[in-house]
$ cat coords.cif   # mmCIF, C-alpha atoms and all ligand atoms
data_query
loop_
_atom_site.label_atom_id
_atom_site.label_comp_id
_atom_site.auth_asym_id
_atom_site.auth_seq_id
_atom_site.Cartn_x
_atom_site.Cartn_y
_atom_site.Cartn_z
CA MET E 1 0.00 0.00 0.00
CA SER E 2 1.20 3.49 -0.78
CA SER E 3 2.57 5.44 2.14
CA SER E 4 1.32 8.77 0.81
CA LYS E 5 -1.35 10.26 3.03
CA PRO E 6 -4.70 10.69 1.27
CA ASN E 7 -6.86 13.69 1.96
CA HIS E 8 -9.85 12.62 4.01
CA LEU E 9 -11.25 16.01 4.79
CA ASN E 10 -12.58 17.82 1.79
CA HIS E 11 -13.04 21.33 2.98
CA GLY E 12 -10.42 23.11 1.00
CA GLN E 13 -7.41 21.50 2.62
CA GLU E 14 -4.23 20.71 0.86
CA HIS E 15 -4.24 17.42 -0.97
CA GLY E 16 -2.10 14.64 0.42
CA GLN E 17 -2.36 15.47 4.10
CA LYS E 18 -4.57 14.11 6.80
CA HIS E 19 -5.93 16.81 9.06
CA SER E 20 -7.70 16.65 12.37
CA VAL E 21 -11.00 18.44 12.71
CA ASP E 22 -10.41 22.01 13.79
CA THR E 23 -11.80 22.31 17.29
CA SER E 24 -10.17 25.63 18.08
CA ASP E 25 -12.15 28.81 18.62
CA GLU E 26 -11.92 29.64 14.93
CA ARG E 27 -14.67 27.35 13.74
CA VAL E 28 -14.83 25.81 10.29
CA LEU E 29 -17.10 27.40 7.69
CA GLU E 30 -18.18 24.14 6.22
CA LEU E 31 -18.52 20.73 7.88
CA PRO E 32 -15.45 18.56 7.34
CA LYS E 33 -16.29 15.60 5.15
CA ILE E 34 -14.77 12.20 5.66
CA GLN E 35 -13.77 10.07 2.72
CA ILE E 36 -13.98 6.33 3.35
CA GLY E 37 -12.70 4.91 0.09
CA SER E 38 -15.41 5.71 -2.43
CA VAL E 39 -17.92 6.76 0.24
CA GLN E 40 -18.11 10.33 1.44
CA LEU E 41 -19.62 11.27 4.79
CA ASP E 42 -21.14 14.74 4.77
CA SER E 43 -20.69 15.09 8.51
CA PRO E 44 -17.74 13.78 10.55
CA THR E 45 -20.11 11.80 12.73
CA ALA E 46 -21.30 8.19 12.83
CA LEU E 47 -23.84 6.22 14.79
CA ALA E 48 -22.12 3.40 16.70
CA PRO E 49 -23.36 -0.14 16.03
CA MET E 50 -25.49 -1.35 18.94
CA GLU E 51 -26.97 -4.79 19.22
CA GLY E 52 -30.65 -4.63 20.15
CA VAL E 53 -30.79 -0.92 19.32
CA THR E 54 -29.51 0.14 15.89
CA ASP E 55 -32.06 -1.79 13.88
CA ARG E 56 -33.83 -0.37 10.82
CA ALA E 57 -36.36 1.47 12.92
CA PHE E 58 -33.77 3.16 15.08
CA ARG E 59 -31.58 4.07 12.11
CA ALA E 60 -34.66 5.57 10.44
CA LEU E 61 -35.20 7.68 13.55
CA ILE E 62 -31.61 8.92 13.39
CA ARG E 63 -31.90 9.68 9.66
CA GLY E 64 -35.22 11.41 10.19
CA VAL E 65 -33.70 13.70 12.80
CA GLY E 66 -30.66 14.30 10.56
CA GLY E 67 -27.04 15.35 11.02
CA CYS E 68 -25.48 11.87 11.23
CA GLY E 69 -22.82 11.12 8.62
CA LEU E 70 -23.03 7.31 8.73
CA THR E 71 -25.34 4.76 10.28
CA VAL E 72 -24.22 1.26 11.20
CA THR E 73 -26.34 -1.85 11.77
CA GLU E 74 -26.17 -3.92 14.92
CA PHE E 75 -23.58 -6.67 14.60
CA VAL E 76 -24.41 -9.61 12.36
CA SER E 77 -22.83 -13.01 12.99
CA SER E 78 -21.06 -14.40 9.93
CA GLU E 79 -21.70 -17.92 11.18
CA SER E 80 -25.40 -17.24 11.59
CA LEU E 81 -25.61 -15.90 8.04
CA LYS E 82 -23.88 -19.05 6.87
CA ARG E 83 -26.47 -21.15 8.73
CA ASN E 84 -29.15 -19.04 7.07
CA ASP E 85 -30.45 -17.89 10.41
CA ARG E 86 -33.55 -15.71 9.87
CA LYS E 87 -32.70 -13.27 12.67
CA ALA E 88 -29.20 -12.66 11.31
CA TRP E 89 -30.63 -11.82 7.88
CA GLN E 90 -33.15 -9.54 9.53
CA ASN E 91 -30.38 -7.72 11.38
CA ALA E 92 -28.63 -7.08 8.08
CA GLU E 93 -31.71 -5.70 6.32
CA LEU E 94 -31.43 -2.14 5.07
CA ASP E 95 -33.91 0.43 3.89
CA PRO E 96 -33.52 1.14 0.19
CA ASN E 97 -32.96 4.88 0.74
CA GLU E 98 -30.64 4.52 3.71
CA HIS E 99 -27.23 5.78 2.61
CA PRO E 100 -24.45 5.80 3.53
CA VAL E 101 -24.89 2.78 5.74
CA SER E 102 -22.50 0.16 6.98
CA ILE E 103 -23.27 -3.43 7.93
CA GLN E 104 -21.15 -4.70 10.79
CA ILE E 105 -20.22 -8.37 10.84
CA TYR E 106 -18.37 -10.50 13.35
CA GLY E 107 -16.80 -13.94 13.46
CA ARG E 108 -13.43 -15.66 13.57
CA ASP E 109 -13.31 -17.70 10.38
CA PRO E 110 -11.82 -15.64 7.51
CA GLN E 111 -13.76 -17.55 4.87
CA ALA E 112 -17.11 -17.22 6.66
CA MET E 113 -16.39 -13.52 7.23
CA ALA E 114 -15.56 -13.05 3.56
CA GLU E 115 -18.77 -14.78 2.48
CA ALA E 116 -20.83 -12.77 4.95
CA ALA E 117 -19.24 -9.55 3.72
CA LYS E 118 -20.09 -10.43 0.13
CA GLU E 119 -23.69 -11.22 1.03
CA CYS E 120 -23.97 -7.93 2.89
CA GLU E 121 -22.60 -6.03 -0.09
CA GLY E 122 -25.37 -7.70 -2.09
CA LEU E 123 -27.93 -6.38 0.41
CA GLY E 124 -26.95 -2.83 -0.53
CA ALA E 125 -24.43 -1.89 2.17
CA ASP E 126 -22.09 0.98 1.30
CA ILE E 127 -19.45 -0.23 3.74
CA ILE E 128 -18.63 -3.46 5.57
CA ASP E 129 -17.45 -2.97 9.13
CA LEU E 130 -15.57 -5.67 11.02
CA ASN E 131 -16.17 -6.02 14.73
CA LEU E 132 -13.00 -6.26 16.82
CA GLY E 133 -14.53 -4.46 19.76
CA CYS E 134 -17.36 -6.49 21.20
CA PRO E 135 -16.52 -7.47 24.80
CA SER E 136 -19.56 -9.70 25.34
CA LYS E 137 -18.69 -13.23 26.46
CA GLN E 138 -21.25 -14.52 24.00
CA VAL E 139 -18.99 -13.13 21.24
CA THR E 140 -15.50 -13.31 22.74
CA GLY E 141 -16.31 -16.78 24.06
CA GLY E 142 -16.48 -17.72 20.39
CA CYS E 143 -13.13 -15.89 20.11
CA SER E 144 -14.39 -13.13 17.89
CA GLY E 145 -15.13 -9.46 18.62
CA SER E 146 -12.45 -7.96 20.86
CA ALA E 147 -10.88 -11.41 21.41
CA LEU E 148 -9.43 -11.05 17.91
CA MET E 149 -7.20 -8.28 19.24
CA LYS E 150 -5.29 -11.06 21.02
CA GLU E 151 -4.81 -12.84 17.70
CA PRO E 152 -3.34 -10.27 15.30
CA LYS E 153 -2.51 -12.90 12.67
CA ARG E 154 -6.05 -14.19 12.55
CA ALA E 155 -7.37 -10.64 12.49
CA GLN E 156 -5.07 -9.92 9.55
CA ALA E 157 -6.29 -13.04 7.72
CA ILE E 158 -9.86 -11.83 8.21
CA PHE E 159 -9.03 -8.35 6.86
CA LYS E 160 -7.37 -9.90 3.82
CA ALA E 161 -10.19 -12.36 3.07
CA VAL E 162 -12.94 -9.77 3.49
CA LYS E 163 -11.15 -7.16 1.40
CA ALA E 164 -10.70 -9.67 -1.43
CA ALA E 165 -14.40 -10.57 -1.34
CA ILE E 166 -15.96 -7.11 -1.65
CA THR E 167 -15.83 -4.08 -3.91
CA ILE E 168 -17.12 -1.60 -1.30
CA PRO E 169 -14.96 -0.12 1.48
CA MET E 170 -14.03 -2.19 4.52
CA THR E 171 -13.69 -0.57 7.94
CA VAL E 172 -12.75 -1.91 11.37
CA LYS E 173 -14.07 -1.07 14.82
CA MET E 174 -11.88 -1.97 17.78
CA ARG E 175 -11.02 -1.26 21.40
CA LEU E 176 -7.66 -0.04 22.74
CA GLY E 177 -6.62 -3.65 23.27
CA TRP E 178 -7.58 -6.67 25.33
CA ASP E 179 -6.30 -5.23 28.61
CA HIS E 180 -3.85 -2.57 29.78
CA ASP E 181 -0.92 -4.96 29.28
CA GLN E 182 -1.92 -5.52 25.67
CA LEU E 183 -2.70 -2.12 24.22
CA ASN E 184 -2.26 -2.98 20.55
CA ALA E 185 -4.90 -0.88 18.77
CA THR E 186 -2.16 0.94 16.85
CA GLU E 187 -0.67 -2.26 15.43
CA ILE E 188 -4.03 -3.79 14.62
CA ALA E 189 -5.20 -0.55 13.00
CA TYR E 190 -2.03 -0.38 10.92
CA SER E 191 -2.38 -4.01 9.89
CA ALA E 192 -6.01 -3.35 8.92
CA GLN E 193 -4.96 -0.36 6.83
CA GLU E 194 -2.24 -2.39 5.13
CA GLU E 195 -4.86 -4.99 4.21
CA GLY E 196 -7.10 -2.30 2.74
CA ALA E 197 -9.30 -1.00 5.58
CA GLU E 198 -10.40 2.54 4.81
CA MET E 199 -11.51 3.77 8.22
CA ILE E 200 -10.83 2.73 11.80
CA ALA E 201 -13.11 3.41 14.75
CA VAL E 202 -11.65 3.06 18.23
CA HIS E 203 -13.58 2.79 21.49
CA GLY E 204 -11.22 4.23 24.10
CA ARG E 205 -11.47 1.32 26.52
CA THR E 206 -9.89 -2.11 26.72
CA ARG E 207 -11.97 -5.28 26.51
CA MET E 208 -11.35 -5.97 30.20
CA GLN E 209 -12.72 -2.57 31.13
CA MET E 210 -16.01 -3.50 29.49
CA TYR E 211 -17.88 -0.23 30.24
CA ARG E 212 -16.12 0.65 33.49
CA GLY E 213 -14.29 3.91 34.04
CA SER E 214 -14.15 6.47 31.25
CA ALA E 215 -13.10 6.15 27.65
CA ASP E 216 -9.52 7.38 27.14
CA TRP E 217 -9.72 9.60 24.07
CA SER E 218 -6.05 10.61 24.25
CA ALA E 219 -4.98 6.96 23.97
CA ILE E 220 -6.48 6.98 20.45
CA LYS E 221 -3.99 9.66 19.37
CA ALA E 222 -1.33 7.01 18.72
CA VAL E 223 -3.69 5.31 16.25
CA SER E 224 -4.53 8.61 14.52
CA ASP E 225 -0.81 9.36 14.20
CA LYS E 226 0.03 5.93 12.83
CA VAL E 227 -2.57 5.41 10.11
CA SER E 228 -3.37 7.56 7.10
CA VAL E 229 -7.00 6.45 6.80
CA PRO E 230 -9.64 8.33 8.82
CA VAL E 231 -10.02 7.46 12.48
CA LEU E 232 -13.24 7.89 14.47
CA VAL E 233 -13.06 8.37 18.22
CA ASN E 234 -15.69 6.47 20.21
CA GLY E 235 -16.75 6.12 23.82
CA ASP E 236 -18.66 8.35 26.25
CA ILE E 237 -19.38 11.14 23.78
CA LEU E 238 -22.65 12.49 25.07
CA ASN E 239 -22.86 16.04 23.83
CA ALA E 240 -21.21 18.66 21.61
CA GLN E 241 -18.57 19.67 24.17
CA GLY E 242 -17.64 16.04 24.63
CA ALA E 243 -17.31 15.59 20.88
CA LEU E 244 -15.01 18.61 20.49
CA LYS E 245 -12.87 17.45 23.41
CA ALA E 246 -12.71 13.88 22.09
CA LEU E 247 -11.64 15.12 18.64
CA LYS E 248 -8.96 17.32 20.10
CA GLU E 249 -7.53 14.71 22.44
CA SER E 250 -7.61 11.84 19.95
CA GLY E 251 -6.58 13.69 16.80
CA ALA E 252 -9.39 11.74 15.08
CA GLN E 253 -11.26 12.99 12.03
CA GLY E 254 -14.70 12.18 13.34
CA VAL E 255 -16.77 10.94 16.24
CA MET E 256 -18.78 7.75 16.60
CA ILE E 257 -21.62 8.03 19.09
CA GLY E 258 -23.65 5.18 20.60
CA ARG E 259 -25.49 5.59 23.87
CA GLY E 260 -25.42 9.37 23.60
CA ALA E 261 -27.42 9.09 20.37
CA VAL E 262 -30.07 6.90 21.93
CA ARG E 263 -30.50 9.38 24.69
CA ASP E 264 -30.45 12.30 22.29
CA PRO E 265 -30.90 11.52 18.58
CA TRP E 266 -30.20 15.24 17.97
CA VAL E 267 -26.65 14.86 19.26
CA PHE E 268 -25.22 14.69 15.71
CA LYS E 269 -26.85 18.00 14.83
CA ARG E 270 -25.51 19.47 18.07
CA VAL E 271 -21.98 18.33 17.16
CA ASN E 272 -22.28 19.72 13.63
CA ALA E 273 -23.52 23.06 14.97
CA ALA E 274 -20.63 23.22 17.45
CA LEU E 275 -18.10 22.49 14.72
CA LEU E 276 -19.56 25.31 12.67
CA GLY E 277 -19.64 27.59 15.71
CA GLN E 278 -23.41 27.88 15.39
CA GLU E 279 -26.02 27.81 18.06
CA PHE E 280 -28.13 24.68 18.04
CA GLN E 281 -31.86 25.23 17.78
CA GLU E 282 -33.46 22.97 20.34
CA PRO E 283 -36.25 20.87 18.76
CA PRO E 284 -39.67 21.51 20.29
CA LEU E 285 -41.01 18.88 22.63
CA GLU E 286 -43.67 17.90 20.08
CA GLU E 287 -40.91 17.01 17.61
CA ARG E 288 -39.24 14.76 20.17
CA LEU E 289 -42.46 12.95 20.91
CA SER E 290 -43.43 12.58 17.25
CA SER E 291 -39.98 11.21 16.36
CA LEU E 292 -40.25 8.70 19.16
CA LYS E 293 -43.75 7.71 18.03
CA GLN E 294 -42.60 7.26 14.45
CA TYR E 295 -39.86 5.02 15.80
CA PHE E 296 -42.45 2.98 17.73
CA ASP E 297 -44.59 2.59 14.61
CA TYR E 298 -41.68 1.59 12.42
CA LEU E 299 -40.45 -0.87 14.99
CA VAL E 300 -43.84 -2.54 15.34
CA GLN E 301 -44.06 -3.06 11.56
CA GLY E 302 -40.68 -4.74 11.52
CA VAL E 303 -40.84 -7.16 14.45
CA ASN E 304 -42.78 -10.35 14.79
CA SER E 305 -43.92 -10.14 18.41
CA GLU E 306 -45.23 -7.50 20.75
CA LYS E 307 -42.85 -8.79 23.40
CA HIS E 308 -39.86 -8.14 21.15
CA ALA E 309 -41.09 -4.64 20.27
CA CYS E 310 -41.69 -3.85 23.96
CA GLY E 311 -38.15 -4.97 24.85
CA ARG E 312 -36.53 -2.73 22.24
CA ILE E 313 -38.76 0.23 23.04
CA LYS E 314 -38.00 -0.03 26.75
CA LYS E 315 -34.29 -0.06 25.98
CA VAL E 316 -34.58 3.06 23.85
CA ILE E 317 -36.89 4.92 26.25
CA GLY E 318 -34.58 3.93 29.07
CA LEU E 319 -31.77 5.86 27.42
CA PHE E 320 -33.93 8.56 25.86
CA THR E 321 -34.94 9.75 29.31
CA ARG E 322 -31.53 9.57 31.04
CA GLY E 323 -30.74 12.82 32.77
CA LEU E 324 -34.24 14.21 32.14
CA PRO E 325 -36.57 15.21 34.95
CA TYR E 326 -38.93 12.40 35.99
CA GLY E 327 -37.16 10.02 33.59
CA ASP E 328 -36.64 7.50 36.38
CA GLU E 329 -40.39 7.50 37.08
CA LEU E 330 -41.20 6.71 33.45
CA ARG E 331 -38.56 3.99 33.33
CA GLN E 332 -40.01 2.38 36.43
CA GLU E 333 -43.53 2.68 35.11
CA ILE E 334 -42.82 0.92 31.82
CA PHE E 335 -40.38 -1.64 33.20
CA HIS E 336 -43.03 -4.28 33.85
CA GLN E 337 -45.30 -3.38 30.93
CA HIS E 338 -45.79 -5.98 28.24
CA GLU E 339 -48.32 -4.10 26.15
CA LEU E 340 -47.30 -1.50 23.63
CA ALA E 341 -50.46 0.54 24.14
CA ASN E 342 -49.58 1.06 27.81
CA ILE E 343 -46.00 2.04 26.99
CA TYR E 344 -47.28 4.58 24.42
CA GLN E 345 -49.68 6.02 26.91
CA ALA E 346 -47.09 6.37 29.67
CA THR E 347 -44.67 8.04 27.25
CA GLU E 348 -47.28 10.51 26.06
CA ALA E 349 -48.21 11.36 29.62
CA TYR E 350 -44.53 11.88 30.40
CA PHE E 351 -44.08 14.35 27.56
CA ALA E 352 -47.30 16.13 28.52
CA ARG E 353 -45.88 16.56 32.02
CA LEU E 354 -42.63 18.04 30.71
CA GLN E 355 -44.66 20.32 28.44
CA SER E 356 -46.86 21.55 31.28
CA GLU E 357 -43.77 22.35 33.35
CA GLY E 358 -42.07 24.18 30.48
CA ILE E 359 -39.14 21.73 30.37
CA ASN E 360 -37.70 21.75 26.85
CA GLN E 361 -34.09 22.91 26.97
CA PHE E 362 -32.71 19.39 26.77
CA GLY E 363 -29.24 20.44 25.67
CA LYS E 364 -28.61 22.18 29.00
CA LEU E 365 -29.83 19.12 30.90
CA TYR E 366 -27.62 16.84 28.84
CA ASP E 367 -24.58 19.05 29.27
CA ALA E 368 -25.00 18.76 33.02
CA THR E 369 -24.80 14.96 32.94
CA PRO E 370 -21.63 13.63 34.56
CA ARG E 371 -19.41 11.63 32.25
CA SER E 372 -19.56 8.21 33.81
CA ILE E 373 -21.01 4.88 32.85
CA GLN E 374 -21.94 2.00 35.06
CA LEU E 375 -21.74 -1.55 33.94
CA ASP E 376 -24.14 -4.21 35.02
CA GLU E 377 -21.68 -6.73 36.45
CA ARG E 378 -24.27 -9.51 36.55
CA SER E 379 -24.90 -9.84 32.87
CA GLU E 380 -21.59 -8.72 31.34
CA ARG E 381 -23.66 -8.14 28.25
CA TYR E 382 -24.15 -4.99 26.28
CA ALA E 383 -27.78 -4.73 27.06
CA VAL E 384 -27.55 -3.07 30.46
CA TYR E 385 -25.93 0.29 30.64
CA ASP E 386 -26.31 3.57 32.39
CA LEU E 387 -25.48 7.15 31.65
CA THR E 388 -26.18 8.76 34.99
C1 LIG W 401 -26.63 -1.77 23.79
C2 LIG W 401 -25.28 -1.79 23.13
C3 LIG W 401 -25.05 -2.65 22.08
C4 LIG W 401 -23.80 -2.67 21.44
N1 LIG W 401 -23.62 -3.46 20.35
C5 LIG W 401 -22.46 -3.36 19.64
C6 LIG W 401 -22.32 -4.04 18.40
O1 LIG W 401 -23.23 -4.73 17.91
N2 LIG W 401 -21.12 -3.91 17.74
C7 LIG W 401 -20.10 -3.13 18.23
O2 LIG W 401 -19.04 -3.03 17.59
N3 LIG W 401 -20.24 -2.47 19.38
C8 LIG W 401 -21.40 -2.54 20.07
N4 LIG W 401 -21.56 -1.77 21.19
C9 LIG W 401 -20.49 -0.83 21.57
C10 LIG W 401 -20.78 0.55 20.97
O3 LIG W 401 -20.72 0.51 19.55
C11 LIG W 401 -19.77 1.59 21.47
O4 LIG W 401 -18.48 1.20 21.10
C12 LIG W 401 -19.81 1.77 22.98
O5 LIG W 401 -21.13 1.81 23.47
C13 LIG W 401 -19.07 3.04 23.40
O6 LIG W 401 -19.63 4.14 22.75
P1 LIG W 401 -20.72 5.09 23.47
O7 LIG W 401 -20.18 5.50 24.79
O8 LIG W 401 -20.91 6.23 22.52
O9 LIG W 401 -21.97 4.28 23.64
C14 LIG W 401 -22.77 -1.79 21.87
C15 LIG W 401 -23.01 -0.94 22.95
C16 LIG W 401 -24.25 -0.91 23.58
C17 LIG W 401 -24.47 0.05 24.70
#
$ encode --input "coords.cif" --output "structure tokens"
Amino acid sequence: MSSSKPNHLNHGQEHGQKHSVDTSDERVLELPKIQIGSVQLDSPTALAPMEGVTDRAFRALIRGVGGCGLTVTEFVSSESLKRNDRKAWQNAELDPNEHPVSIQIYGRDPQAMAEAAKECEGLGADIIDLNLGCPSKQVTGGCSGSALMKEPKRAQAIFKAVKAAITIPMTVKMRLGWDHDQLNATEIAYSAQEEGAEMIAVHGRTRMQMYRGSADWSAIKAVSDKVSVPVLVNGDILNAQGALKALKESGAQGVMIGRGAVRDPWVFKRVNAALLGQEFQEPPLEERLSSLKQYFDYLVQGVNSEKHACGRIKKVIGLFTRGLPYGDELRQEIFHQHELANIYQATEAYFARLQSEGINQFGKLYDATPRSIQLDERSERYAVYDLT
């Protein structure tokens, strides 16, 4: 691979140099664009892949709100696709007008990963993302996800096989390493680039940290310095200030936001406004409620059981209301509900209460949230998380 540095930010910068996003007081006039191979992101922001959350319905919500440069599916198991598992195919389904979108796959067998990548290209994905970050035992137990960071040779074989199987860009999402004694994100990222990866996203935690402590954005700087392809900084970015700080500390070209986007689907617009030095216009409460309702409706069309829909909706409402007044009351109220109609009703009543009390400046509430995340030690799964 050529060692010349391509230009990933197309806002009038010199060709042949990779630049960090300008987060100084002199704001940019135009949003920096990120070039991932043939795919251009119009905003330096991406939605993080989240199992059980970033399904078609949720991605449609994010697109409807706007501002997000790239959406990513929840992870799809290459082995499950091979077995023709219906759920895996469902997880990889895209909307025809959803672009740019990336399908994330995971697994440990290079051939199965290559076949899965090819199938996903056929489904209309613009990008194939490889998961080297998932800490869940369900995934690492099968020695994929972040466990691959302990096997750089196998990871390299996967990069090579996938790259050879597809014509669209390949990207990789990883953690800082397996644990603090094995911080090898820089080497893995470089190896991925050498095998043709065109963007790297790094969650600033090790696998062993799971979701404990805080993401270390500055540790990602070494990756940004080493590779010439764009790097996205990920982990604990909850608002515009956080995004600017993460960009500065990591030297990354863009931000990838997960839980912060479930809590506040407008976070991408907030980040864009901050980069442009503009004031963000808070959406009215009605817009929040109608977006959430559209999400409910979309979700119900796409799932096969009310129980499944209720589970996903609870997860999203759980995050949507973090840091908001009376959010804990709503969460408690819907926790034991198994009927969609009751969840709708409780959510409407919640918004009506906020409306009657004149609570609508969500940005200020979000900015006041402390930057800490608690992990549910019992499950060691992704599904339980906290932002307060
Ligand atoms: C509910 C949930 C599901 C997740 N599923 C995935 C996944 O499928 N693939 C993946 O690479 N990371 C997954 N992650 C990790 C996120 O993509 C992201 O790296 C992590 O949450 C840190 O970013 P955040 O603080 O912005 O949420 C998941 C995280 C959560 C909270």
$ residues_around --input "coords.cif" --residues "stretch 198-202 of chain E" --least-positions-apart "5" --cutoff "6 Å" --atoms "only C-alpha atoms" --output "list in words"
Ile36, Gly37, Met170, Thr171, Val172, Lys173, Met174, Arg175, Val229, Pro230, Val231, Leu232, Val233 and Asn234 of chain E
$ write_last_selection --input "coords.cif" --atoms "C-alpha atoms" --output "short mmCIF file (atom, residue, chain, number, x, y, z; two decimals), keeping the file's coordinate frame"
data_model
loop_
_atom_site.label_atom_id
_atom_site.label_comp_id
_atom_site.auth_asym_id
_atom_site.auth_seq_id
_atom_site.Cartn_x
_atom_site.Cartn_y
_atom_site.Cartn_z
CA ILE E 36 -13.98 6.33 3.35
CA GLY E 37 -12.70 4.91 0.09
CA MET E 170 -14.03 -2.19 4.52
CA THR E 171 -13.69 -0.57 7.94
CA VAL E 172 -12.75 -1.91 11.37
CA LYS E 173 -14.07 -1.07 14.82
CA MET E 174 -11.88 -1.97 17.78
CA ARG E 175 -11.02 -1.26 21.40
CA VAL E 229 -7.00 6.45 6.80
CA PRO E 230 -9.64 8.33 8.82
CA VAL E 231 -10.02 7.46 12.48
CA LEU E 232 -13.24 7.89 14.47
CA VAL E 233 -13.06 8.37 18.22
CA ASN E 234 -15.69 6.47 20.21
#
$ closest_atom_pairs --input "coords.cif" --of "chain E" --to "ligand LIG 401 (chain W)" --cutoff "8 Å" --atoms "all atoms listed in the file" --output "CSV"
residue,atom,partner,partner_atom,distance
E:Ala48,CA,W:LIG401,O3,4.3
E:Pro49,CA,W:LIG401,O3,4.4
E:Met50,CA,W:LIG401,N1,3.2
E:Glu51,CA,W:LIG401,N1,3.8
E:Gly52,CA,W:LIG401,C1,6.1
E:Val53,CA,W:LIG401,C1,6.2
E:Thr73,CA,W:LIG401,O1,7.5
E:Glu74,CA,W:LIG401,O1,4.3
E:Phe75,CA,W:LIG401,O1,3.9
E:Val76,CA,W:LIG401,O1,7.5
E:Gln104,CA,W:LIG401,N2,7.0
E:Leu130,CA,W:LIG401,O2,7.9
E:Asn131,CA,W:LIG401,O2,5.0
E:Leu132,CA,W:LIG401,O2,6.9
E:Gly133,CA,W:LIG401,O2,5.2
E:Cys134,CA,W:LIG401,C7,5.3
E:Gly145,CA,W:LIG401,O2,7.6
E:Lys173,CA,W:LIG401,O2,6.0
E:Met174,CA,W:LIG401,O2,7.2
E:Arg175,CA,W:LIG401,O4,7.9
E:Val202,CA,W:LIG401,O4,7.6
E:His203,CA,W:LIG401,O4,5.2
E:Gly204,CA,W:LIG401,C13,8.0
E:Tyr211,CA,W:LIG401,C13,7.7
E:Ala215,CA,W:LIG401,O7,7.7
E:Asn234,CA,W:LIG401,O6,5.2
E:Gly235,CA,W:LIG401,O7,3.6
E:Asp236,CA,W:LIG401,O7,3.5
E:Ile237,CA,W:LIG401,O8,5.3
E:Leu238,CA,W:LIG401,O8,7.0
E:Met256,CA,W:LIG401,O8,6.5
E:Ile257,CA,W:LIG401,O8,3.9
E:Gly258,CA,W:LIG401,O8,3.5
E:Arg259,CA,W:LIG401,O9,3.8
E:Gly260,CA,W:LIG401,O8,5.6
E:Ala261,CA,W:LIG401,O8,7.4
E:Tyr382,CA,W:LIG401,C2,4.6
E:Ala383,CA,W:LIG401,C1,4.6
E:Val384,CA,W:LIG401,C1,6.9
E:Tyr385,CA,W:LIG401,C17,6.1
$ closest_residue --input "coords.cif" --among "E:Ile166, E:Asp181, E:Ala157, E:Asn84" --to "E:Gly124" --atoms "only C-alpha atoms"
E:Ile166
$ atom_distance --input "coords.cif" --atom1 "atom CA of E:Asp95" --atom2 "atom CA of E:Arg59"
9.3 Å
$ closest_residue --input "coords.cif" --among "E:Asn97, E:Gln332, E:Thr186, E:Gln156" --to "E:Arg63" --atoms "all atoms listed in the file"
E:Asn97
$ atom_distance --input "coords.cif" --atom1 "atom CA of E:Asn239" --atom2 "atom CA of E:Val267"
6.1 Å
$ atom_distance --input "coords.cif" --atom1 "atom CA of E:Asp297" --atom2 "atom CA of E:Val65"
15.7 Å
$ closest_residue --input "coords.cif" --among "E:Ala246, E:Leu61, E:Ala155, E:His336" --to "E:Asp264" --atoms "only C-alpha atoms"
E:Leu61
$ residues_around --input "coords.cif" --residues "E:Ala219" --least-positions-apart "4" --cutoff "9 Å" --atoms "only C-alpha atoms" --output "ChimeraX atom specification"
/E:176,204-205,215,223,249-250
$ axis_aligned_box --input "coords.cif" --around "stretch 344-358 of chain E" --padding-each-side "3 Å" --output "AutoDock Vina command-line options"
--center_x -45.9 --center_y 14.4 --center_z 28.9 --size_x 13.6 --size_y 25.6 --size_z 14.9
$ closest_residue --input "coords.cif" --among "E:Tyr298, E:Tyr344, E:Tyr326, E:Phe351" --to "E:Pro284" --atoms "only C-alpha atoms"
E:Phe351
